[in-house]
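Beneath this line is the structure, given in structure tokens, with notes to follow.
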Amino acid sequence: MPSTQNPPLSGAALDPTSVRPPIDDATIERIAPAQLRARLEALKAEGYAMLLDLGAVDYLERRPRFDVVYHLLKLPPKPATLSEVGTPARLRLLCGIDEGQRLPTAMDIWKSADWAEREIYDLFGIVFDGHADLRRIQMPLDWEGHPLRKDYPTRGPARERSPRPAFASKTNVVAGTPPSGRTLEALQEEVKRARES
Amino acid sequence: MTLSVNPAMPEVVSQSENTMVLSMGPQHPSTHGVLQIVLEIDSENVVKADPEIGYLHTGIEKTAEGLFWTQAQTALERMDYLAPSSNALGYALAAEKLLGITDRIPPRAQVVRVLQMELTRIASHCVWLGTHGIDLGAISVFFYCFDLRENILDLQEATGGARMHPNYIRIGGLNGDLPQGYIERLDAVIEKFPGRLRELRGLLQANPIFQDRTIDVGVLTPEEALQWSVTGPALRASGIAYDVRRAFPYCGYETYQFDIPTRVEADAYARFLVRLDEMEESMRIVEQARKRLDTPGPVMIDDPKVALPPKETIALSMEALIHHFKLISEGFRVPPGDVYHAIEGPRGELGYYLVSNGENRPYRVRVRPPSLYNLQALKGIAPGNLIADLVVMIGSLDPVFGEVDR
């Protein structure tokens, strides 16, 4: 039986998409940011009527650091029966960009890119040029940082454990004497007496 | 006129003298959760509607990155809380694709998965219909819907132990076989369903008030629907028969007989009819799956690297004990790669884009939530309508905020 327990490949952390052949029923393309806009427009003209999804991945140690992933679906832009729809083509467009670089917006090609791009801006800090209303969408507007980045901390700063005050440092208690007044010696004495009797 | 809606929000300024800005929600009962809509209105007419989401953001995608592949499923199941099994199935199928074990899932597990999916769809549509009815003033529909849903939740509880989030579907198959007595209870639900659906139809379908409120309200043309990436019943009510179950079949959906109901009117009433027809089709699939349940068989993949060993072998076999220990303490590793897999959830295409770097935790889990894109279409269809119709439109798009905000 073939094992699924493969050891992690060296360098795999950098870019999993390049180490394994595509195992999808989608066409996969990789594109540079400069050609992105023209390619998206061409794809729309080819019949990719729906921008299924727009997501991003942060490969922290890779250059370029981020992948912005466009999932497109080819559908007829009019009422269509099941046989007319058939198995529509899916296409995945990966666009690698580095920190500080910007991408052109796809909002005027597909309106649905609006929220998707806002979400990527919010959670990854990637700026889309030409977006009409690029502000945070999931996080509060005054939030700092971009949570889905790999270097974003997953927990807050460690709190210092406050030292437990020593018994003797309490001011209202005489050192060594519990509030009941029964000292350890008195207790031991009591136990001893009970045993003897 | 200006209005500061929230200290953390920018000032909303209305564009003209005749309009005013009004904030609807996030505590408004008809917004189905925590949705705020910043409305610009001219008397009662909506000029611009801008939904503000994110009130329920819990960072599930980030959480999943820190968990084992199997543990992440538990977190992801909480997104669409009205259809938890569909979240789990989409993730399991995507992860199985990465593992390369898609063809080795036992047939009985596939049948039970289909059964779960369709029961979940019916339960989810029940909540939608009940709340949609309440929005429009038809209170009694709610009770009929929730009664039917309760029967289905009882079935879910029998499978996984929990009413809402059974965590029954796992990577590689199922948590366990169906319990004793399940089939009889399923048969009771199947028997009850047609009559109950007839009652639901009778309450609303020919109801003149309901028709007045929904016909020609919130028309979403096919072009607009594609522009806004609307999927699921809302897209099919616009005339495009795109259903992932037919376009990209999974779990053997190609072997079941069912139709994809579509409408061309594209209004809220069409979406209502499509969902009701869909419930009927789902029940057809459930009946077919029920017949296939008579064949016994394993429900988990026979691969000790993915599936936990049977409990009784742990005390007898050293191998089983080791595998059990390894799977529990460090999970399994998934070969590096990226994959997109989508299923037809009750609200539309629920897609998972998973990236693995060969470790025992997913490197990135990107969810394509159907509700997010469906809700966004509100920006396109709300302007020019009355505020009262806005409630109908939100209801007919059926957003679930656990999924929109994640």
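By order in the structure tokens, chains are A, B, ...; within a chain, residues start at 1; ligands start at 1, following the order shown.
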
**Message:** Using only C-alpha atoms and a cut-off of 6 Å, which residues of chain B sit close to chain A? Please list them as number ranges by chain.
**Reply:** B: 8, 54, 222-223, 226-229, 239-241, 247, 333, 336-338, 357-358

Kindly export the residues of the current selection with C-alpha atoms, as a PDB file, in the first residue's frame.
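What landed in selection-v5.pdb:
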ATOM      1  CA  ALA B   8     -14.116  53.242  14.445  1.00  0.00           C
ATOM      2  CA  GLY B  54     -16.806  41.573   9.977  1.00  0.00           C
ATOM      3  CA  PRO B 222     -27.802  36.717 -15.126  1.00  0.00           C
ATOM      4  CA  GLU B 223     -25.126  39.238 -16.119  1.00  0.00           C
ATOM      5  CA  LEU B 226     -22.037  36.592 -12.729  1.00  0.00           C
ATOM      6  CA  GLN B 227     -20.525  40.012 -12.078  1.00  0.00           C
ATOM      7  CA  TRP B 228     -21.132  39.577  -8.362  1.00  0.00           C
ATOM      8  CA  SER B 229     -20.030  35.883  -8.387  1.00  0.00           C
ATOM      9  CA  GLY B 239     -31.538  31.054 -15.122  1.00  0.00           C
ATOM     10  CA  ILE B 240     -27.996  29.684 -15.143  1.00  0.00           C
ATOM     11  CA  ALA B 241     -28.063  25.994 -14.261  1.00  0.00           C
ATOM     12  CA  ALA B 247     -20.490  20.367 -13.191  1.00  0.00           C
ATOM     13  CA  ARG B 333       1.752  14.749   6.968  1.00  0.00           C
ATOM     14  CA  PRO B 336       3.247  19.581  -0.543  1.00  0.00           C
ATOM     15  CA  GLY B 337       1.084  21.233  -3.135  1.00  0.00           C
ATOM     16  CA  ASP B 338      -1.945  23.412  -3.580  1.00  0.00           C
ATOM     17  CA  ASN B 357       4.161  22.423   2.606  1.00  0.00           C
ATOM     18  CA  GLY B 358       4.498  18.786   3.595  1.00  0.00           C
TER      19      GLY B 358
END

**Request:** Excluding Ile190 (chain B) and any residue of its chain fewer than 4 positions from it, enumerate the residues within 12 Å of it, using only C-alpha atoms, and give them as number ranges by chain.
**Result:** B: 115, 118-119, 122, 148, 151-152, 155, 183-186, 194-197, 279-280, 282-291

**Asked** Can you list, as a ChimeraX atom specification, every protein, DNA or RNA residue that comes within 7 Å of Asp135 (chain B) when you count only C-alpha atoms, leaving out same-chain residues fewer than 2 positions away?
**Response** /B:30,131-133,137,391

**Prompt:** Between CA of Arg149 (chain B) and CA of Ala88 (chain B), what is the distance, to one decimal in Å?
**Reply:** 19.3 Å

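We find CA of Phe68 (chain B) and CA of Ile343 (chain B) to be spaced 22.3 Å apart.
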
**Complete:** Min atom-atom distance to Leu56 (chain B) from the set B:Val404, B:Met117, B:Ala237, B:Leu93, counting only C-alpha atoms, belongs to B:Val404

**Message:** So the first atom is CA of Ala188 (chain B) and the second is CA of Leu293 (chain B); what is the distance between them in Å, to one decimal place?
**Reply:** 15.4 Å

**Which of region 27-182 of chain A DSSP labels helix (DSSP H, G or I), written as a ChimeraX atom specification** = /A:33-46,82-85,113-124,167-169

**Prompt:** Which residue gives the smallest distance to Lys44 (chain A) among A:Ile97, A:Ile31, A:Ala132, A:Ala106, with only C-alpha atoms counted?
**Reply:**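 Using only C-alpha atoms, the shortest distance to Lys44 (chain A) belongs to A:Ala106.
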
**Request:** Find the residues near Arg104 (chain B): any atom within 12 Å, counting only C-alpha atoms, skip ones fewer than 3 places away on the same chain, and give them as a ChimeraX atom specification.
**Result:** /A:1-2 /B:93,96-97,99-101,107-110,171-173,251,298-303,306
